Each structure stands twice: as C-alpha cells, then as structure tokens.
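File shown: my_file-v8.cif. Contents: mmCIF, C-alpha atoms.
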data_structure
loop_
_atom_site.label_atom_id
_atom_site.label_comp_id
_atom_site.auth_asym_id
_atom_site.auth_seq_id
_atom_site.Cartn_x
_atom_site.Cartn_y
_atom_site.Cartn_z
CA MET A 1 0.00 0.00 0.00
CA LEU A 2 2.73 2.39 1.10
CA LYS A 3 4.78 1.32 -1.89
CA ARG A 4 1.92 2.15 -4.24
CA LYS A 5 1.49 5.58 -2.60
CA THR A 6 5.21 6.29 -2.98
CA GLY A 7 5.03 5.17 -6.60
CA ASN A 8 2.07 7.47 -7.29
CA LYS A 9 3.84 10.41 -5.68
CA GLU A 10 6.94 9.77 -7.73
CA HIS A 11 4.80 9.56 -10.87
CA GLU A 12 3.07 12.86 -10.03
CA ASP A 13 6.42 14.54 -9.36
CA THR A 14 7.77 13.33 -12.69
CA ALA A 15 4.67 14.57 -14.50
CA ARG A 16 4.96 17.95 -12.78
CA SER A 17 8.66 18.23 -13.65
CA ILE A 18 7.93 17.38 -17.28
CA GLU A 19 5.20 19.97 -17.42
CA GLU A 20 7.49 22.60 -15.92
CA ILE A 21 10.26 21.82 -18.39
CA CYS A 22 7.86 21.90 -21.36
CA VAL A 23 6.12 25.11 -20.35
CA SER A 24 9.32 26.98 -19.61
CA THR A 25 11.27 25.90 -22.70
CA TRP A 26 8.91 24.98 -25.55
CA GLU A 27 8.82 28.38 -27.20
CA SER A 28 12.56 28.70 -27.45
CA VAL A 29 12.91 25.13 -28.75
CA TYR A 30 10.09 25.68 -31.25
CA ARG A 31 11.66 28.90 -32.55
CA TYR A 32 15.00 27.16 -32.92
CA ILE A 33 13.42 24.35 -34.96
CA TYR A 34 11.27 26.75 -36.98
CA PHE A 35 14.40 28.67 -37.93
CA LYS A 36 15.69 25.51 -39.61
CA VAL A 37 12.52 24.15 -41.25
CA GLN A 38 10.56 27.37 -41.85
CA ASN A 39 7.09 25.84 -41.60
CA ARG A 40 4.74 25.47 -38.68
CA GLU A 41 3.56 21.91 -39.32
CA GLU A 42 7.04 20.40 -39.31
CA ALA A 43 8.25 22.63 -36.47
CA GLU A 44 5.39 21.45 -34.22
CA ASP A 45 6.06 17.84 -35.13
CA ILE A 46 9.81 18.02 -34.53
CA THR A 47 9.31 19.93 -31.27
CA GLN A 48 7.14 17.10 -29.98
CA GLU A 49 9.62 14.45 -31.10
CA THR A 50 12.41 16.41 -29.41
CA TYR A 51 10.61 16.46 -26.06
CA ALA A 52 9.65 12.79 -26.34
CA ARG A 53 13.31 11.84 -26.90
CA ALA A 54 14.76 14.27 -24.41
CA LEU A 55 12.34 13.48 -21.63
CA SER A 56 12.84 9.74 -21.84
CA PHE A 57 16.55 10.43 -21.35
CA LEU A 58 15.89 12.91 -18.54
CA ARG A 59 13.51 10.50 -16.80
CA ASP A 60 16.18 7.82 -16.74
CA ASN A 61 18.51 10.37 -15.21
CA ARG A 62 15.88 11.44 -12.66
CA LEU A 63 15.14 14.78 -14.33
CA ARG A 64 18.18 16.33 -12.78
CA GLU A 65 18.21 20.03 -12.12
CA GLY A 66 19.96 22.33 -14.50
CA PRO A 67 19.56 24.29 -17.69
CA HIS A 68 17.58 22.04 -20.01
CA LEU A 69 17.46 24.41 -22.96
CA GLY A 70 20.91 23.65 -24.35
CA PHE A 71 20.25 19.95 -24.00
CA LEU A 72 16.86 20.23 -25.70
CA ARG A 73 18.39 22.13 -28.62
CA SER A 74 21.00 19.45 -29.07
CA VAL A 75 18.28 16.82 -29.13
CA ALA A 76 16.31 18.94 -31.63
CA LEU A 77 19.38 19.17 -33.83
CA ASN A 78 19.76 15.41 -33.71
CA VAL A 79 16.11 14.91 -34.64
CA LEU A 80 16.58 17.27 -37.58
CA ARG A 81 19.75 15.51 -38.63
CA ASP A 82 18.05 12.12 -38.43
CA ARG A 83 15.40 13.39 -40.80
CA TRP A 84 17.94 14.92 -43.13
CA ARG A 85 19.93 11.71 -43.06
CA ARG A 86 16.85 9.85 -44.20
CA LYS A 87 17.03 12.19 -47.17
CA LYS A 88 20.70 11.27 -47.61
CA ARG A 89 21.89 14.57 -46.23
CA ILE A 90 24.47 13.30 -43.84
CA GLY A 91 25.61 15.41 -40.92
CA PRO A 92 27.45 14.58 -37.73
CA ILE A 93 25.46 13.61 -34.64
CA VAL A 94 25.78 16.07 -31.78
CA SER A 95 26.47 14.44 -28.46
CA ILE A 96 23.58 15.04 -26.12
CA TYR A 97 25.69 14.11 -23.13
CA GLY A 98 28.20 16.92 -23.37
CA THR A 99 25.94 19.86 -24.07
CA GLU A 100 27.48 23.28 -23.80
CA SER A 101 25.47 25.61 -21.62
CA ASN A 102 26.13 28.64 -23.87
CA MET A 103 24.55 26.96 -26.88
CA ALA A 104 21.43 29.12 -26.68
CA VAL A 105 23.51 32.27 -26.89
CA ASP A 106 25.47 30.92 -29.86
CA ASP A 107 22.23 30.15 -31.71
CA ILE A 108 20.89 33.64 -31.26
CA ALA A 109 24.19 35.10 -32.44
CA GLU A 110 24.22 32.74 -35.43
CA GLN A 111 20.64 33.55 -36.38
CA SER A 112 21.32 37.25 -36.13
CA ALA A 113 24.45 36.88 -38.32
CA ILE A 114 22.45 34.98 -40.95
CA ARG A 115 19.77 37.69 -40.98
CA SER A 116 22.20 40.51 -41.51
CA MET A 117 24.00 38.53 -44.22
CA VAL A 118 20.70 37.93 -46.08
CA ARG A 119 19.74 41.62 -45.81
CA GLU A 120 23.12 42.62 -47.20
CA VAL A 121 22.86 40.24 -50.15
CA LEU A 122 19.26 41.23 -50.88
CA ASP A 123 20.40 44.82 -51.19
CA CYS A 124 22.76 43.79 -53.99
CA LEU A 125 19.90 42.46 -56.15
CA THR A 126 18.04 44.41 -58.81
CA GLN A 127 14.83 46.18 -57.81
CA GLU A 128 12.69 43.63 -59.66
CA HIS A 129 14.38 40.65 -58.00
CA ARG A 130 14.12 42.25 -54.57
CA THR A 131 10.44 43.00 -55.10
CA VAL A 132 9.53 39.48 -56.15
CA ILE A 133 11.39 37.97 -53.18
CA GLU A 134 9.80 40.42 -50.81
CA LEU A 135 6.28 39.81 -52.10
CA ARG A 136 6.42 36.04 -52.50
CA ILE A 137 8.67 34.98 -49.62
CA LEU A 138 8.60 37.72 -47.01
CA LYS A 139 5.06 39.02 -47.38
CA GLY A 140 3.60 35.65 -48.39
CA PHE A 141 1.62 36.77 -51.43
CA SER A 142 0.54 34.11 -53.90
CA THR A 143 1.90 34.05 -57.46
CA ALA A 144 -1.41 35.48 -58.73
CA GLU A 145 -1.35 38.35 -56.23
CA THR A 146 2.31 39.07 -56.93
CA ALA A 147 1.60 39.08 -60.67
CA GLU A 148 -1.16 41.59 -60.16
CA ILE A 149 0.98 43.86 -57.98
CA MET A 150 3.93 43.69 -60.39
CA ASN A 151 1.67 43.95 -63.42
CA LYS A 152 3.10 40.81 -64.96
CA LYS A 153 1.90 37.35 -65.93
CA GLU A 154 2.04 34.54 -63.36
CA GLY A 155 4.52 32.58 -65.46
CA THR A 156 6.77 35.62 -65.69
CA VAL A 157 6.65 36.06 -61.92
CA ARG A 158 7.77 32.45 -61.46
CA VAL A 159 10.66 32.97 -63.85
CA ILE A 160 11.73 36.23 -62.17
CA LEU A 161 11.56 34.53 -58.77
CA TYR A 162 13.66 31.62 -59.97
CA ARG A 163 16.27 33.97 -61.42
CA ALA A 164 16.27 36.09 -58.27
CA LEU A 165 16.91 33.02 -56.12
CA LYS A 166 19.70 31.86 -58.43
CA LYS A 167 21.30 35.30 -58.18
CA LEU A 168 20.94 35.23 -54.41
CA ALA A 169 22.58 31.80 -54.25
CA GLU A 170 25.45 33.03 -56.40
CA LYS A 171 25.99 36.09 -54.24
CA LEU A 172 25.82 34.11 -51.01
CA ASP A 173 28.31 31.63 -52.45
CA ALA A 174 30.67 34.36 -53.56
CA ASN A 175 30.54 36.47 -50.43
CA TYR A 176 30.16 33.99 -47.58
CA MET B 1 6.05 28.22 -70.78
CA VAL B 2 7.38 27.98 -67.23
CA GLY B 3 9.80 25.10 -66.63
CA SER B 4 9.24 22.56 -63.89
CA ILE B 5 11.91 23.91 -61.53
CA GLU B 6 10.30 27.38 -61.51
CA LYS B 7 6.91 25.80 -60.79
CA LYS B 8 8.35 23.50 -58.14
CA ILE B 9 10.10 26.27 -56.27
CA SER B 10 6.96 28.38 -56.47
CA ASP B 11 4.89 25.52 -55.00
CA TYR B 12 7.53 25.05 -52.32
CA ILE B 13 7.16 28.71 -51.30
CA ASP B 14 3.35 28.35 -51.29
CA ASP B 15 3.62 25.38 -48.91
CA LEU B 16 5.90 27.28 -46.54
CA ASN B 17 3.65 30.35 -46.68
CA ALA B 18 0.71 28.14 -45.77
CA GLY B 19 2.63 26.70 -42.79
CA LYS B 20 2.62 23.28 -44.44
CA LYS B 21 5.49 20.84 -44.59
CA PRO B 22 6.55 20.67 -48.25
CA ASP B 23 6.59 17.19 -49.79
CA SER B 24 10.18 17.72 -50.83
CA HIS B 25 11.23 17.67 -47.14
CA GLU B 26 10.47 13.93 -47.22
CA SER B 27 11.59 13.11 -50.71
CA ALA B 28 15.15 11.94 -51.30
CA ASP B 29 15.23 12.45 -55.04
CA GLU B 30 15.11 16.19 -55.48
CA SER B 31 17.66 17.69 -57.84
CA PRO B 32 20.66 19.47 -56.27
CA GLU B 33 19.51 22.68 -57.97
CA PHE B 34 16.09 22.46 -56.31
CA GLU B 35 17.65 21.64 -52.93
CA GLU B 36 19.94 24.67 -53.26
CA LEU B 37 17.10 27.03 -54.14
CA ALA B 38 14.85 25.60 -51.42
CA GLY B 39 17.67 26.25 -48.96
CA ILE B 40 17.91 29.86 -50.19
CA VAL B 41 14.13 30.27 -49.69
CA ARG B 42 14.44 29.02 -46.11
CA ILE B 43 17.36 31.38 -45.45
CA VAL B 44 15.40 34.36 -46.79
CA ARG B 45 12.43 33.39 -44.63
CA CYS B 46 14.68 33.70 -41.57
CA LEU B 47 14.07 37.45 -41.87
CA LYS B 48 10.43 36.81 -40.95
CA GLU B 49 9.13 36.16 -37.47
CA PRO B 50 8.23 32.48 -37.02
CA GLU B 51 4.60 31.46 -37.23
CA MET B 52 3.76 30.31 -33.73
CA PRO B 53 1.46 27.39 -32.95
CA GLY B 54 -2.00 27.78 -31.40
CA ALA B 55 -2.47 28.72 -27.75
CA ASP B 56 -3.27 25.12 -26.81
CA TYR B 57 0.00 23.77 -28.20
CA PRO B 58 1.92 23.72 -24.86
CA LYS B 59 -0.93 21.74 -23.26
CA LYS B 60 -0.99 19.29 -26.14
CA LEU B 61 2.77 18.96 -25.96
CA VAL B 62 2.70 18.21 -22.23
CA ALA B 63 -0.09 15.68 -22.75
CA ALA B 64 1.80 13.98 -25.56
CA VAL B 65 5.05 13.55 -23.66
CA THR B 66 3.84 12.92 -20.11
CA PRO B 67 3.80 9.25 -19.16
CA GLY B 68 0.34 7.97 -18.37
CA GLN B 69 -1.25 10.47 -20.71
CA THR B 70 0.10 9.00 -23.88
CA HIS B 71 -1.92 5.93 -24.51
CA THR B 72 -1.21 3.63 -27.32
CA THR B 73 -4.49 2.10 -28.32
CA VAL B 74 -4.41 -1.32 -26.91
CA SER B 75 -7.04 -3.69 -28.19
CA LYS B 76 -9.36 -4.78 -25.40
CA LYS B 77 -10.80 -7.63 -27.36
CA LYS B 78 -10.29 -10.84 -25.52
CA LYS B 79 -8.43 -13.41 -27.39
CA LYS B 80 -10.77 -16.22 -28.29
CA HIS B 81 -9.66 -19.43 -26.75
CA GLY B 82 -10.58 -22.69 -28.37
CA LEU B 83 -13.55 -23.46 -26.15
CA PRO B 84 -15.07 -26.90 -26.59
CA GLY B 85 -18.19 -26.59 -28.63
CA ARG B 86 -20.00 -28.56 -31.23
CA PRO B 87 -17.47 -29.82 -33.80
CA PRO B 88 -18.21 -29.09 -37.42
CA ARG B 89 -20.57 -31.53 -39.16
CA ARG B 90 -17.94 -32.65 -41.69
CA GLN B 91 -15.57 -33.58 -38.83
CA CYS B 92 -18.33 -35.60 -37.10
CA LEU B 93 -19.04 -37.50 -40.26
CA PHE B 94 -15.34 -38.30 -40.74
CA TRP B 95 -14.91 -39.68 -37.24
CA HIS B 96 -18.19 -41.57 -37.48
CA CYS B 97 -16.97 -43.30 -40.66
CA CYS B 98 -13.63 -44.11 -39.03
CA LEU B 99 -15.26 -45.68 -35.99
CA ILE B 100 -17.70 -47.67 -38.09
CA SER B 101 -14.94 -49.06 -40.28
CA CYS B 102 -12.70 -49.93 -37.30
CA PHE B 103 -15.37 -51.30 -34.99
CA PRO B 104 -18.22 -52.53 -37.17
CA LEU B 105 -21.48 -53.13 -35.32
CA PRO B 106 -22.32 -56.80 -34.82
CA GLY B 107 -24.51 -58.02 -37.65
CA ALA B 108 -23.75 -55.07 -39.83
CA PRO B 109 -22.92 -55.87 -43.47
CA THR B 110 -19.18 -55.60 -44.22
#

Same coordinates, now as structure tokens:
Amino acid sequence: MLKRKTGNKEHEDTARSIEEICVSTWESVYRYIYFKVQNREEAEDITQETYARALSFLRDNRLREGPHLGFLRSVALNVLRDRWRRKKRIGPIVSIYGTESNMAVDDIAEQSAIRSMVREVLDCLTQEHRTVIELRILKGFSTAETAEIMNKKEGTVRVILYRALKKLAEKLDANY
Amino acid sequence: MVGSIEKKISDYIDDLNAGKKPDSHESADESPEFEELAGIVRIVRCLKEPEMPGADYPKKLVAAVTPGQTHTTVSKKKKKHGLPGRPPRRQCLFWHCCLISCFPLPGAPT
C-alpha cells in the first residue's frame, strides 16, 4: 500500500517536472526548430519528437536540475539531422551528453548573423528581384497576387523569382 | 512556358507560406539545384518572425510527452480461446466413418 502511494507520488512529481520543463522551454525550442525548417507543421512535429526523446533520457537520469534548454536544442538538432539523413543529407550527430550551456547564446548570435547577411545580399539584387522575393517569400503573397501587384503574368513572376533566387545563391556563395 | 523547376520552387514557397510541410522535405530524389534554391528560400524566410502554434500547443505537448497520458491504443478484445463446442458436421461424419470401419457393429454388413 505504502509502496503504491510512494510510486504514485513519484509519478506525479515526474509529470509535474515534465510539465514545468515543457512550459518553460517549448517556445525557445520551437523557434530554434522553426528557424531551420521554416514551416509550422514540421516545427510542431519536430518539437514534440524532441521532447519525447529528451524526456525519456531525462527521466532515466531522474530529471536532474539544470539548464535544459541547451540539452533540448542538441536533441532537436539530432532529430533534424536524423530526418535529413533519411534524405541522404548526412551530418554529424551532436552528443547530447556533453551539451554546452552557452549553446542558446550561440544560436541567437548565429541567427542574427544569418539575418544581416541575407539583408546585405538582398540589397545587392536588382529592384525587380528584390520585389519578387519580398512579395512572395517575405510578405507571403501568392503568385497570382504578386503578378497583379507587379503587373506581370504569373509565369513571368515564377521565372523572375527563380532567377532572383539563383542570383541570391550566387551572391551568397561568392561572399560567404 | 514555365519550366518545372520554376513551378516546383513556387509551389515550395506556397507550402511554406501556408505553414505546411513541403513534400520535398520527405523526398530523397530532389535535384541538387532544387535543394539549393529551397535552402535559399528558407534562409530568406529567416528574416520573418516564425509562425507560432496555437495557444493550446503547450498543453498538447505536455499531454503527448507525459507518461500515463500518452496511450497507445491497446485492443481490449479478448483473445478467443478454443472453447469446446459442437465440432463441425464434416468432422463428425469423418470420425463416425472411421469408428464404423474400425469397430463394425455386430450383424452389420461388411
């Protein structure tokens, strides 16, 4: 009887700890994953898989105290890499045992560096290329809407977009 | 006439704009050119704020990863054990014929 009560209490404590970890960290983990995949559906899915993997590890290690965010990001990166590997995009596995505590800071710095690099390269494009990228990718207009705004045919918009992306790739390759 | 790569990259952007996972994220046989351009699209999208999930997402997440709340559907159907019942008619007839041929009734024609 006493054993069952102790077991229940332990179970409740674990559940509470899991809830606390999820509630306090999910947004940061989600943003980190979204930054890589750039769509909500996949980001939600990978976030859940990350917590499922991470928490089974943490449970075995008695949900020890400490900063979980760096660890969760490493697990997220491994989930992403597993998926990419399935697509034959091989990348090294990050050890989830030796997680650096300053990883969160590094990510923010890295994301900020990528943003300023993209802004810089976008500024080097022609007005037409910048406009099509801005309308289609940044503002999320459809091809039809973009065509109307730019006063061009839909097919032409697709071609301009393709050329703009090629130019962007070239410039990113050359400069970074 | 717009070539397939232009159309594909345009569809890819539409999927991302709709918050959907593009099919190409699962497919292993995309051309290197498409992969490169898709990567550029994702990099450009980094300038945007991420689309956040619904307000109930944290609750759903907790429910999905908390032990005891994630139930795999276990079938509650009881396995049927071979209870003794009436044997099929064909089986009865077979055993009846066997018995008759092994132990013929006295006076029965052979």

I need the contact residues of chain A against chain B, so if you could list those with any atom within 7 Å, counting all atoms listed in the file, and return them as a PyMOL selection string, that would help.
chain A and resi 15+18-19+22-23+31+34-35+38-42+48+51-52+87-88+115+118+137-138+140+142+155+158-159+162+165-166+169

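Straight-line separation from CA of Thr146 in chain A to CA of Thr131 in chain A: 9.2 Å.
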
CA of Arg53 in chain A and CA of Val79 in chain A, how far apart in Å?
8.8 Å

Within 12 Å of (18.5, 43.3, -56.0) in the file's own coordinates, which protein, DNA or RNA residues have an atom, counting all atoms listed in the file? List them as an MDAnalysis selection string.
chainID A and resid 118:134 160:161 163:168 171

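CA of Pro32 in chain B lies 25.0 Å from CA of Ala76 in chain A.
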
Nearest candidate to Glu49 in chain A (options A:Leu69, A:Val37, A:Leu80, A:Leu135; using all atoms listed in the file):
A:Leu80

Generate a file for range 17-164 of chain A, containing C-alpha atoms, as an mmCIF file, in the first residue's frame.
data_model
loop_
_atom_site.group_PDB
_atom_site.id
_atom_site.type_symbol
_atom_site.label_atom_id
_atom_site.label_comp_id
_atom_site.auth_asym_id
_atom_site.auth_seq_id
_atom_site.Cartn_x
_atom_site.Cartn_y
_atom_site.Cartn_z
ATOM 1 C CA SER A 17 8.656 18.230 -13.646
ATOM 2 C CA ILE A 18 7.934 17.378 -17.281
ATOM 3 C CA GLU A 19 5.200 19.974 -17.418
ATOM 4 C CA GLU A 20 7.489 22.603 -15.919
ATOM 5 C CA ILE A 21 10.261 21.824 -18.391
ATOM 6 C CA CYS A 22 7.855 21.905 -21.357
ATOM 7 C CA VAL A 23 6.121 25.105 -20.346
ATOM 8 C CA SER A 24 9.323 26.980 -19.612
ATOM 9 C CA THR A 25 11.275 25.904 -22.699
ATOM 10 C CA TRP A 26 8.907 24.977 -25.551
ATOM 11 C CA GLU A 27 8.819 28.381 -27.197
ATOM 12 C CA SER A 28 12.559 28.697 -27.451
ATOM 13 C CA VAL A 29 12.911 25.134 -28.753
ATOM 14 C CA TYR A 30 10.086 25.680 -31.252
ATOM 15 C CA ARG A 31 11.665 28.902 -32.545
ATOM 16 C CA TYR A 32 15.002 27.156 -32.917
ATOM 17 C CA ILE A 33 13.423 24.353 -34.962
ATOM 18 C CA TYR A 34 11.270 26.748 -36.978
ATOM 19 C CA PHE A 35 14.399 28.671 -37.930
ATOM 20 C CA LYS A 36 15.686 25.509 -39.615
ATOM 21 C CA VAL A 37 12.522 24.154 -41.253
ATOM 22 C CA GLN A 38 10.556 27.375 -41.849
ATOM 23 C CA ASN A 39 7.090 25.836 -41.596
ATOM 24 C CA ARG A 40 4.742 25.466 -38.682
ATOM 25 C CA GLU A 41 3.563 21.913 -39.317
ATOM 26 C CA GLU A 42 7.038 20.404 -39.311
ATOM 27 C CA ALA A 43 8.250 22.632 -36.469
ATOM 28 C CA GLU A 44 5.394 21.446 -34.215
ATOM 29 C CA ASP A 45 6.057 17.836 -35.135
ATOM 30 C CA ILE A 46 9.815 18.022 -34.532
ATOM 31 C CA THR A 47 9.309 19.927 -31.269
ATOM 32 C CA GLN A 48 7.139 17.103 -29.980
ATOM 33 C CA GLU A 49 9.621 14.451 -31.101
ATOM 34 C CA THR A 50 12.411 16.406 -29.412
ATOM 35 C CA TYR A 51 10.607 16.457 -26.064
ATOM 36 C CA ALA A 52 9.650 12.790 -26.342
ATOM 37 C CA ARG A 53 13.308 11.838 -26.896
ATOM 38 C CA ALA A 54 14.764 14.274 -24.412
ATOM 39 C CA LEU A 55 12.343 13.476 -21.631
ATOM 40 C CA SER A 56 12.845 9.742 -21.838
ATOM 41 C CA PHE A 57 16.552 10.433 -21.348
ATOM 42 C CA LEU A 58 15.890 12.911 -18.538
ATOM 43 C CA ARG A 59 13.506 10.503 -16.797
ATOM 44 C CA ASP A 60 16.177 7.822 -16.741
ATOM 45 C CA ASN A 61 18.508 10.367 -15.213
ATOM 46 C CA ARG A 62 15.878 11.442 -12.662
ATOM 47 C CA LEU A 63 15.137 14.782 -14.334
ATOM 48 C CA ARG A 64 18.185 16.330 -12.775
ATOM 49 C CA GLU A 65 18.213 20.027 -12.119
ATOM 50 C CA GLY A 66 19.960 22.327 -14.504
ATOM 51 C CA PRO A 67 19.562 24.292 -17.688
ATOM 52 C CA HIS A 68 17.576 22.035 -20.011
ATOM 53 C CA LEU A 69 17.455 24.408 -22.958
ATOM 54 C CA GLY A 70 20.907 23.651 -24.350
ATOM 55 C CA PHE A 71 20.253 19.952 -23.998
ATOM 56 C CA LEU A 72 16.858 20.234 -25.703
ATOM 57 C CA ARG A 73 18.389 22.131 -28.616
ATOM 58 C CA SER A 74 21.001 19.446 -29.067
ATOM 59 C CA VAL A 75 18.275 16.817 -29.133
ATOM 60 C CA ALA A 76 16.313 18.940 -31.627
ATOM 61 C CA LEU A 77 19.376 19.174 -33.826
ATOM 62 C CA ASN A 78 19.765 15.411 -33.712
ATOM 63 C CA VAL A 79 16.106 14.910 -34.639
ATOM 64 C CA LEU A 80 16.581 17.268 -37.578
ATOM 65 C CA ARG A 81 19.748 15.507 -38.628
ATOM 66 C CA ASP A 82 18.055 12.118 -38.432
ATOM 67 C CA ARG A 83 15.399 13.395 -40.799
ATOM 68 C CA TRP A 84 17.939 14.916 -43.133
ATOM 69 C CA ARG A 85 19.927 11.710 -43.059
ATOM 70 C CA ARG A 86 16.849 9.852 -44.201
ATOM 71 C CA LYS A 87 17.031 12.188 -47.172
ATOM 72 C CA LYS A 88 20.703 11.274 -47.609
ATOM 73 C CA ARG A 89 21.888 14.571 -46.234
ATOM 74 C CA ILE A 90 24.473 13.300 -43.843
ATOM 75 C CA GLY A 91 25.613 15.406 -40.919
ATOM 76 C CA PRO A 92 27.446 14.584 -37.730
ATOM 77 C CA ILE A 93 25.458 13.609 -34.638
ATOM 78 C CA VAL A 94 25.780 16.075 -31.784
ATOM 79 C CA SER A 95 26.473 14.443 -28.459
ATOM 80 C CA ILE A 96 23.580 15.044 -26.117
ATOM 81 C CA TYR A 97 25.695 14.114 -23.135
ATOM 82 C CA GLY A 98 28.202 16.924 -23.366
ATOM 83 C CA THR A 99 25.939 19.861 -24.069
ATOM 84 C CA GLU A 100 27.479 23.285 -23.804
ATOM 85 C CA SER A 101 25.467 25.613 -21.615
ATOM 86 C CA ASN A 102 26.132 28.642 -23.865
ATOM 87 C CA MET A 103 24.554 26.955 -26.881
ATOM 88 C CA ALA A 104 21.427 29.116 -26.679
ATOM 89 C CA VAL A 105 23.508 32.273 -26.891
ATOM 90 C CA ASP A 106 25.466 30.920 -29.856
ATOM 91 C CA ASP A 107 22.234 30.147 -31.714
ATOM 92 C CA ILE A 108 20.885 33.643 -31.262
ATOM 93 C CA ALA A 109 24.187 35.098 -32.444
ATOM 94 C CA GLU A 110 24.220 32.742 -35.429
ATOM 95 C CA GLN A 111 20.639 33.552 -36.384
ATOM 96 C CA SER A 112 21.321 37.249 -36.126
ATOM 97 C CA ALA A 113 24.453 36.885 -38.324
ATOM 98 C CA ILE A 114 22.450 34.979 -40.951
ATOM 99 C CA ARG A 115 19.765 37.686 -40.977
ATOM 100 C CA SER A 116 22.197 40.513 -41.510
ATOM 101 C CA MET A 117 24.000 38.535 -44.217
ATOM 102 C CA VAL A 118 20.701 37.925 -46.075
ATOM 103 C CA ARG A 119 19.744 41.618 -45.807
ATOM 104 C CA GLU A 120 23.123 42.619 -47.200
ATOM 105 C CA VAL A 121 22.863 40.240 -50.150
ATOM 106 C CA LEU A 122 19.256 41.228 -50.879
ATOM 107 C CA ASP A 123 20.405 44.822 -51.186
ATOM 108 C CA CYS A 124 22.757 43.790 -53.987
ATOM 109 C CA LEU A 125 19.904 42.462 -56.151
ATOM 110 C CA THR A 126 18.040 44.410 -58.814
ATOM 111 C CA GLN A 127 14.834 46.179 -57.808
ATOM 112 C CA GLU A 128 12.695 43.633 -59.662
ATOM 113 C CA HIS A 129 14.381 40.653 -57.999
ATOM 114 C CA ARG A 130 14.118 42.253 -54.566
ATOM 115 C CA THR A 131 10.437 42.999 -55.098
ATOM 116 C CA VAL A 132 9.532 39.476 -56.152
ATOM 117 C CA ILE A 133 11.389 37.965 -53.177
ATOM 118 C CA GLU A 134 9.798 40.419 -50.811
ATOM 119 C CA LEU A 135 6.280 39.810 -52.103
ATOM 120 C CA ARG A 136 6.422 36.041 -52.497
ATOM 121 C CA ILE A 137 8.666 34.982 -49.619
ATOM 122 C CA LEU A 138 8.601 37.717 -47.013
ATOM 123 C CA LYS A 139 5.059 39.016 -47.384
ATOM 124 C CA GLY A 140 3.605 35.652 -48.386
ATOM 125 C CA PHE A 141 1.617 36.769 -51.425
ATOM 126 C CA SER A 142 0.537 34.110 -53.899
ATOM 127 C CA THR A 143 1.897 34.050 -57.456
ATOM 128 C CA ALA A 144 -1.405 35.483 -58.728
ATOM 129 C CA GLU A 145 -1.352 38.353 -56.228
ATOM 130 C CA THR A 146 2.305 39.075 -56.935
ATOM 131 C CA ALA A 147 1.600 39.078 -60.673
ATOM 132 C CA GLU A 148 -1.162 41.593 -60.164
ATOM 133 C CA ILE A 149 0.985 43.860 -57.985
ATOM 134 C CA MET A 150 3.929 43.693 -60.392
ATOM 135 C CA ASN A 151 1.667 43.946 -63.421
ATOM 136 C CA LYS A 152 3.100 40.807 -64.959
ATOM 137 C CA LYS A 153 1.899 37.351 -65.933
ATOM 138 C CA GLU A 154 2.044 34.544 -63.358
ATOM 139 C CA GLY A 155 4.518 32.583 -65.463
ATOM 140 C CA THR A 156 6.773 35.623 -65.690
ATOM 141 C CA VAL A 157 6.649 36.064 -61.918
ATOM 142 C CA ARG A 158 7.773 32.453 -61.457
ATOM 143 C CA VAL A 159 10.662 32.966 -63.849
ATOM 144 C CA ILE A 160 11.734 36.231 -62.167
ATOM 145 C CA LEU A 161 11.562 34.535 -58.769
ATOM 146 C CA TYR A 162 13.664 31.615 -59.971
ATOM 147 C CA ARG A 163 16.275 33.973 -61.420
ATOM 148 C CA ALA A 164 16.270 36.090 -58.270
#
